[in-house]
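Some notes on the structure that comes next.
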Amino acid sequence: MSEYLTPGEVAARFDVSHDTLRYYERAGVLSAVERSASGHRRYRSADVELLDLVRCLRETGMPIAALRTFADLIRAGEGTVDERIDLLVEHDAQLGERIEVLTARRRHIQGKIAYYRSLRETSAD
């Protein structure tokens, strides 16, 4: 990776819009992104690494406020590792509960599919 990435390169890499990138900045999830001499945003590798983790956490349901807290902890340095672990453990537990609920819902849907297929097969006889 070159020293900097443009907003377009970052947006394409993470399949997000430029608006999403700016939103993460405004929300305090990403720190103020550097700008070139011409005023264009440019993302460092640290920004990209954080965004990769942010997308993972966001896609698994972490609220923006918790993302901001997590990003603040990262920016605060190594002294916050225990707090980061606690936040991730809590998120993982919540994610596990959601997966259990979704798995049960999926089994219910699959049961309905089987039921309707059996109706179709019965009516074809």
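Here's how to read the names in the structure tokens: chain A, B, ... by the order shown, residue numbers from 1 in each chain, ligand numbers from 1 in the order shown.
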Could you pull out the strand (DSSP E or B) residues of chain A from DSSP and send them as a short mmCIF file (atom, residue, chain, number, x, y, z; two decimals) with N, CA and C atoms, in the first residue's frame?
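This is the output file result-v5.cif:
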```
data_model
loop_
_atom_site.label_atom_id
_atom_site.label_comp_id
_atom_site.auth_asym_id
_atom_site.auth_seq_id
_atom_site.Cartn_x
_atom_site.Cartn_y
_atom_site.Cartn_z
N LEU A 5 -3.89 6.74 0.95
CA LEU A 5 -4.95 6.34 0.03
C LEU A 5 -5.92 7.50 -0.10
N ARG A 35 -4.98 15.97 5.37
CA ARG A 35 -5.29 16.56 4.07
C ARG A 35 -3.99 16.88 3.34
N ARG A 41 -8.62 14.97 1.21
CA ARG A 41 -8.41 13.99 2.27
C ARG A 41 -7.46 12.92 1.78
N TYR A 43 -5.86 9.16 3.47
CA TYR A 43 -5.92 8.22 4.57
C TYR A 43 -4.60 7.49 4.73
#
```
Exercise: A:Leu50 partners within 10 Å, only C-alpha atoms, chain neighbours under 3 positions left out, as a list in words: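 In the requested format, the answer is Val29, Leu30, Ser31, Ser45, Ala46, Asp47, Leu53, Val54, Arg55, Cys56, Ala71 and Ile74 of chain A.
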Shell around stretch 58-60 of chain A at 12 Å using only C-alpha atoms, local window under 4 positions removed, as number ranges by chain: A: 14, 16, 20, 24, 29, 50-54, 64-68, 70, 88, 91-99
Alpha helix (DSSP H) residues, from DSSP on the backbone, in chain A, as a PyMOL selection string: chain A and resi 7-14+18-26+45-59+64-76+81-124
Atom-to-atom span, atom CA of A:Arg120 and atom CA of A:His108, Å: 18.6 Å
Interatomic distance (Å, one decimal) between atom CA of A:Glu34 and atom CA of A:Val81: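 Atom CA of A:Val81 lies 25.6 Å from atom CA of A:Glu34.
What separates atom CA of A:Leu73 from atom CA of A:Arg22 is a distance of 20.4 Å.
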